[in-house]
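Data file: upload.txt. Format and content: compact mmCIF, C-alpha atoms and all ligand atoms.
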```txt
# COMPACT_ATOMS: atom_id res chain seq x y z
CA MET A 1 -35.20 58.43 -84.70
CA LYS A 2 -35.71 55.89 -81.97
CA LEU A 3 -37.48 52.57 -82.45
CA TYR A 4 -38.71 50.88 -79.27
CA CYS A 5 -38.29 47.24 -80.08
CA PHE A 6 -36.86 43.83 -79.19
CA GLY A 7 -35.30 41.24 -81.46
CA GLU A 8 -38.04 38.64 -81.23
CA SER A 9 -40.72 41.09 -82.41
CA GLY A 10 -41.59 40.59 -86.06
CA ASN A 11 -43.77 43.71 -85.90
CA ALA A 12 -40.76 45.74 -84.79
CA TYR A 13 -38.57 44.04 -87.40
CA LYS A 14 -40.79 45.33 -90.23
CA CYS A 15 -40.09 48.88 -89.06
CA ALA A 16 -36.39 48.32 -88.34
CA LEU A 17 -35.96 46.88 -91.83
CA ALA A 18 -37.89 49.74 -93.47
CA LEU A 19 -35.80 52.34 -91.60
CA THR A 20 -32.64 50.56 -92.70
CA LEU A 21 -33.63 50.06 -96.35
CA ALA A 22 -34.86 53.67 -96.57
CA ASP A 23 -31.42 54.84 -95.35
CA LEU A 24 -32.77 56.66 -92.31
CA GLU A 25 -30.71 57.20 -89.18
CA TRP A 26 -32.28 55.38 -86.26
CA GLU A 27 -31.39 53.63 -83.07
CA PRO A 28 -33.09 50.73 -81.35
CA VAL A 29 -34.37 51.18 -77.78
CA PHE A 30 -34.64 47.75 -76.20
CA VAL A 31 -37.94 46.90 -74.50
CA ASP A 32 -37.66 43.92 -72.17
CA PHE A 33 -40.96 42.53 -73.40
CA PHE A 34 -40.93 39.13 -71.71
CA LYS A 35 -40.38 40.81 -68.37
CA GLY A 36 -43.42 43.05 -68.85
CA GLY A 37 -41.52 45.98 -70.38
CA ALA A 38 -44.41 46.88 -72.73
CA ARG A 39 -46.96 46.92 -69.91
CA SER A 40 -45.13 49.17 -67.47
CA PRO A 41 -46.67 52.56 -66.60
CA GLU A 42 -43.63 54.29 -68.17
CA PHE A 43 -44.06 52.46 -71.45
CA LYS A 44 -47.81 53.07 -71.51
CA LYS A 45 -47.06 56.78 -71.47
CA ILE A 46 -45.61 56.38 -74.97
CA ASN A 47 -48.07 53.72 -76.14
CA GLU A 48 -51.37 53.36 -74.33
CA MET A 49 -51.85 50.06 -76.24
CA GLY A 50 -48.89 48.50 -74.44
CA GLU A 51 -47.38 47.26 -77.71
CA VAL A 52 -44.06 47.31 -79.50
CA PRO A 53 -43.05 48.82 -81.92
CA VAL A 54 -43.07 52.54 -81.19
CA LEU A 55 -41.24 55.06 -83.39
CA VAL A 56 -40.21 58.43 -82.00
CA ASP A 57 -39.11 61.06 -84.49
CA GLY A 58 -38.66 64.39 -82.71
CA ASP A 59 -42.12 65.45 -81.53
CA THR A 60 -43.82 62.64 -83.42
CA THR A 61 -44.58 59.36 -81.65
CA LEU A 62 -46.14 56.60 -83.70
CA THR A 63 -47.38 53.12 -82.92
CA GLN A 64 -48.76 50.25 -85.04
CA SER A 65 -46.24 48.86 -87.52
CA GLY A 66 -48.49 49.72 -90.49
CA VAL A 67 -48.66 53.38 -89.46
CA ILE A 68 -44.90 53.48 -88.87
CA LEU A 69 -44.22 51.89 -92.25
CA ASP A 70 -46.52 54.41 -93.93
CA TYR A 71 -44.70 57.24 -92.13
CA ILE A 72 -41.29 55.98 -93.26
CA SER A 73 -42.37 55.68 -96.89
CA SER A 74 -44.16 59.07 -96.86
CA LYS A 75 -41.17 60.79 -95.26
CA THR A 76 -38.63 59.37 -97.68
CA GLY A 77 -40.66 58.83 -100.84
CA LYS A 78 -39.32 55.27 -100.81
CA LEU A 79 -41.01 51.86 -100.62
CA GLY A 80 -44.54 53.30 -100.88
CA GLY A 81 -45.77 52.38 -104.35
CA ARG A 82 -45.58 54.46 -107.52
CA SER A 83 -49.16 55.72 -107.87
CA ALA A 84 -52.27 56.36 -105.77
CA ALA A 85 -53.63 53.01 -106.91
CA GLU A 86 -50.44 51.23 -105.83
CA ARG A 87 -50.46 52.99 -102.46
CA ARG A 88 -54.02 51.79 -101.86
CA GLU A 89 -52.92 48.29 -102.82
CA VAL A 90 -50.03 48.60 -100.35
CA LEU A 91 -52.53 49.52 -97.62
CA ARG A 92 -54.73 46.58 -98.56
CA TRP A 93 -51.83 44.18 -97.97
CA LEU A 94 -50.79 45.92 -94.74
CA PHE A 95 -54.29 45.42 -93.33
CA TRP A 96 -54.37 41.83 -94.53
CA ASP A 97 -50.97 41.11 -93.02
CA ASN A 98 -51.94 42.60 -89.65
CA HIS A 99 -55.14 40.59 -89.52
CA LYS A 100 -54.38 37.28 -91.20
CA LEU A 101 -50.62 36.72 -91.25
CA SER A 102 -48.37 38.47 -88.73
CA THR A 103 -50.77 38.38 -85.80
CA GLN A 104 -51.44 34.68 -86.27
CA ILE A 105 -47.75 33.86 -86.66
CA GLY A 106 -46.83 36.01 -83.66
CA THR A 107 -49.30 34.18 -81.44
CA THR A 108 -48.36 30.72 -82.75
CA ARG A 109 -44.65 31.34 -82.41
CA PHE A 110 -45.14 32.74 -78.92
CA LEU A 111 -47.10 29.65 -77.82
CA MET A 112 -44.61 27.24 -79.39
CA ASN A 113 -41.38 28.87 -78.28
CA PHE A 114 -41.70 31.44 -75.54
CA LEU A 115 -44.48 30.12 -73.31
CA PRO A 116 -43.64 27.23 -70.95
CA ALA A 117 -45.05 23.97 -72.37
CA ASP A 118 -47.34 23.41 -69.38
CA LYS A 119 -49.07 26.74 -70.02
CA ARG A 120 -49.94 26.08 -73.69
CA PRO A 121 -53.72 25.92 -74.18
CA GLU A 122 -54.71 22.64 -75.80
CA GLY A 123 -55.82 22.75 -79.42
CA VAL A 124 -54.90 26.38 -80.02
CA ILE A 125 -51.65 25.74 -81.92
CA PRO A 126 -53.22 23.39 -84.52
CA PHE A 127 -56.15 25.81 -84.92
CA GLN A 128 -53.77 28.71 -85.48
CA GLN A 129 -51.71 26.67 -87.92
CA SER A 130 -54.76 25.78 -89.98
CA ARG A 131 -55.66 29.47 -90.24
CA LEU A 132 -52.06 30.16 -91.22
CA THR A 133 -52.19 27.55 -93.97
CA ALA A 134 -55.02 29.58 -95.52
CA ALA A 135 -52.96 32.77 -95.22
CA TYR A 136 -49.82 31.18 -96.72
CA THR A 137 -51.96 29.95 -99.61
CA VAL A 138 -53.23 33.50 -100.31
CA LEU A 139 -49.71 34.94 -100.25
CA ASN A 140 -48.12 32.09 -102.20
CA ASP A 141 -50.79 32.30 -104.93
CA HIS A 142 -50.46 36.07 -105.14
CA LEU A 143 -46.69 35.79 -105.57
CA ALA A 144 -46.89 33.23 -108.37
CA GLY A 145 -45.52 34.98 -111.45
CA ARG A 146 -44.67 38.24 -109.69
CA ASN A 147 -41.59 39.48 -107.87
CA TRP A 148 -43.20 41.85 -105.34
CA ILE A 149 -46.53 42.07 -103.58
CA VAL A 150 -47.48 45.40 -105.20
CA GLY A 151 -46.31 46.61 -108.61
CA ASP A 152 -42.85 45.83 -109.85
CA ALA A 153 -40.72 47.13 -106.98
CA PRO A 154 -40.36 46.38 -103.27
CA THR A 155 -42.74 48.26 -100.98
CA ILE A 156 -43.64 48.37 -97.32
CA ALA A 157 -46.25 45.71 -98.15
CA ASP A 158 -43.38 43.26 -98.71
CA LEU A 159 -41.66 44.39 -95.51
CA SER A 160 -44.84 43.97 -93.49
CA CYS A 161 -45.70 40.52 -94.82
CA CYS A 162 -42.15 39.15 -94.47
CA GLY A 163 -41.81 40.39 -90.88
CA TYR A 164 -42.06 37.01 -89.17
CA LEU A 165 -40.83 34.72 -91.91
CA TYR A 166 -37.06 34.95 -91.33
CA TYR A 167 -37.16 33.83 -87.70
CA PRO A 168 -35.53 30.51 -86.87
CA GLU A 169 -37.94 29.42 -84.11
CA PRO A 170 -40.50 26.88 -85.40
CA PHE A 171 -44.13 27.91 -85.85
CA GLY A 172 -45.16 25.51 -88.60
CA PHE A 173 -43.93 27.34 -91.70
CA ASP A 174 -42.24 24.93 -94.13
CA HIS A 175 -40.38 26.89 -96.83
CA THR A 176 -40.46 23.99 -99.27
CA ALA A 177 -44.28 23.87 -99.22
CA TRP A 178 -44.61 27.50 -100.38
CA PRO A 179 -42.15 27.96 -103.27
CA HIS A 180 -43.36 31.40 -104.38
CA ILE A 181 -43.12 32.74 -100.82
CA ASP A 182 -39.69 31.15 -100.49
CA ARG A 183 -38.35 32.78 -103.67
CA TRP A 184 -39.85 36.13 -102.64
CA LEU A 185 -38.19 35.90 -99.19
CA ASN A 186 -34.85 35.33 -100.91
CA ARG A 187 -35.54 38.33 -103.15
CA VAL A 188 -36.28 40.57 -100.14
CA ALA A 189 -33.17 39.26 -98.36
CA ALA A 190 -31.09 40.16 -101.42
CA LEU A 191 -32.07 43.86 -101.25
CA PRO A 192 -29.01 46.04 -100.56
CA GLY A 193 -28.79 46.69 -96.81
CA TRP A 194 -31.12 43.86 -95.77
CA GLN A 195 -30.39 42.44 -92.33
CA HIS A 196 -31.78 39.62 -90.25
CA PRO A 197 -33.98 40.66 -87.29
CA TYR A 198 -31.48 39.39 -84.74
CA ASP A 199 -28.77 41.55 -86.33
CA LEU A 200 -30.91 44.70 -86.25
CA MET A 201 -32.37 44.54 -82.74
CA GLN A 202 -31.32 43.26 -79.32
CA ARG A 203 -32.89 39.96 -78.36
CA ALA A 204 -34.66 39.38 -75.07
CA PHE A 205 -33.57 35.74 -75.03
CA GLY A 206 -30.18 34.33 -75.85
CA SER A 207 -29.58 32.06 -78.84
CA GLU A 208 -30.71 29.02 -76.80
CA VAL A 209 -34.31 29.67 -77.92
CA ALA A 210 -33.56 29.37 -81.63
N1 LIG B 301 -50.80 45.46 -84.93
C1 LIG B 301 -49.67 45.79 -84.09
C2 LIG B 301 -49.28 44.57 -83.30
C3 LIG B 301 -48.19 44.90 -82.31
C4 LIG B 301 -47.96 43.75 -81.36
O1 LIG B 301 -48.80 42.84 -81.17
N2 LIG B 301 -46.79 43.77 -80.76
C5 LIG B 301 -46.47 42.76 -79.76
C6 LIG B 301 -44.98 42.46 -79.81
S1 LIG B 301 -44.54 41.75 -81.37
C7 LIG B 301 -46.85 43.32 -78.44
O2 LIG B 301 -46.29 44.30 -78.01
N3 LIG B 301 -47.83 42.69 -77.77
C8 LIG B 301 -48.25 43.11 -76.47
C9 LIG B 301 -49.47 42.39 -76.02
O3 LIG B 301 -50.12 41.74 -76.86
O4 LIG B 301 -49.79 42.51 -74.85
C10 LIG B 301 -48.52 46.27 -84.96
O5 LIG B 301 -48.48 45.90 -86.12
O6 LIG B 301 -47.68 47.05 -84.48
```

Would you put the structure from the file into structure tokens?
Ligand SMILES: N[C@@H](CCC(=O)N[C@@H](CS)C(=O)NCC(=O)O)C(=O)O
Amino acid sequence: MKLYCFGESGNAYKCALALTLADLEWEPVFVDFFKGGARSPEFKKINEMGEVPVLVDGDTTLTQSGVILDYISSKTGKLGGRSAAERREVLRWLFWDNHKLSTQIGTTRFLMNFLPADKRPEGVIPFQQSRLTAAYTVLNDHLAGRNWIVGDAPTIADLSCCGYLYYPEPFGFDHTAWPHIDRWLNRVAALPGWQHPYDLMQRAFGSEVA
């Protein structure tokens, strides 16, 4: 399988991590995102949405990290929840993550780290961070007294929600303020085979950004 990705993409990381933890053979295909690689006519032939990640498995081409995660768990029978009710709960958290957590972090981190300072729109970063405080509260409260987001085993819901939370670039997330999230991140990172995003995928920028 081929995963079109780049190291800085938390959405791609979710899929790279799921492929790795599910013991699938895959290779990363680097997309030079910050130089417009996801908007080129060639790339749009594989994803009309102009977004990373894209997974290609033989004749199957998939986009949207949630769809790719669902494909990986369906194909392998791993990381998908143990019952129909758990699988629905997994989906519920994937949708929540895409709407309330990862997208907001992705935008905030982009503004704070990858966009030149003189191009940052005033007031947007604090607004984003206040929305993120609400999202961190939801996740932290949910994780109080439980090890995993759904059921009693790791699922793609965990891999989706953690996608941006291991990155070193600042976006306003203080680990000490969210102890249940912090313990859960350590639990995910202790899974056999876990790797950091910058060890799984080629970065667009060098380490000077971190
Ligand atoms: N909901 C999508 C979001 C994908 C996404 O926003 N990817 C970013 C890179 S991390 C991207 O390619 N953005 C292109 C753009 O917004 O123009 C997913 O989960 O795959």

Enumerate residues in contact with ligand LIG 301 (chain B): an atom-to-atom distance of at most 8 Å, counting only C-alpha atoms and all ligand atoms. Format the result as a CSV table (one decimal) with C-alpha atoms, in the frame of the given file.
```csv
chain,number,residue,atom,x,y,z
A,8,GLU,CA,-38.0,38.6,-81.2
A,9,SER,CA,-40.7,41.1,-82.4
A,10,GLY,CA,-41.6,40.6,-86.1
A,11,ASN,CA,-43.8,43.7,-85.9
A,12,ALA,CA,-40.8,45.7,-84.8
A,33,PHE,CA,-41.0,42.5,-73.4
A,38,ALA,CA,-44.4,46.9,-72.7
A,39,ARG,CA,-47.0,46.9,-69.9
A,49,MET,CA,-51.8,50.1,-76.2
A,50,GLY,CA,-48.9,48.5,-74.4
A,51,GLU,CA,-47.4,47.3,-77.7
A,52,VAL,CA,-44.1,47.3,-79.5
A,53,PRO,CA,-43.0,48.8,-81.9
A,54,VAL,CA,-43.1,52.5,-81.2
A,63,THR,CA,-47.4,53.1,-82.9
A,64,GLN,CA,-48.8,50.2,-85.0
A,65,SER,CA,-46.2,48.9,-87.5
A,66,GLY,CA,-48.5,49.7,-90.5
A,98,ASN,CA,-51.9,42.6,-89.6
A,99,HIS,CA,-55.1,40.6,-89.5
A,102,SER,CA,-48.4,38.5,-88.7
A,103,THR,CA,-50.8,38.4,-85.8
A,106,GLY,CA,-46.8,36.0,-83.7
```

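With all atoms listed in the file as the atoms that count, the residue of A:Asp182, A:Thr60, A:Ala18, A:Trp26 with the shortest distance to A:Lys78 is A:Ala18.
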
Q: Give me the residues within 12 Å of A:Gly123 as a VMD selection string, counting only C-alpha atoms and dropping any in the same chain fewer than 6 places off.
A: chain A and resid 108 111 129 to 130

Q: With a distance cut-off of 10 Å and only C-alpha atoms, select the neighbouring residues of A:Ala144, excluding the residue or stretch itself and same-chain residues fewer than 3 positions from it, and output the selection as a list in words.
A: Leu139, Asn140, Asp141, Asn147, Trp148, Pro179, His180, Ile181, Arg183 and Trp184 of chain A

Q) From the set A:Asn113, A:Arg187, A:Arg120, A:Gly145, which residue has the shortest atom-to-atom contact distance to A:Pro168, counting only C-alpha atoms? A) A:Asn113

Q: Just the residues within 8 Å of stretch 15-17 of chain A, please, counting all atoms listed in the file, with nothing from its chain fewer than 6 positions along; format it as a ChimeraX atom specification.
A: /A:3,53,65,68-69,159,194-195,197,200-201

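Pairwise distance (atom CA of A:Pro170, atom CA of A:Arg109) equals 6.8 Å.
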
Q. Hey, what's within 9 Å of stretch 73-76 of chain A if we count all atoms listed in the file and toss same-chain stuff fewer than 4 positions away? As a count of residues only, please?
A. 10

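For the set A:Thr137, A:Asn47, A:Ser83, A:Ser160, the residue with the smallest atom-to-atom gap to A:Trp96 is A:Ser160, counting only C-alpha atoms.
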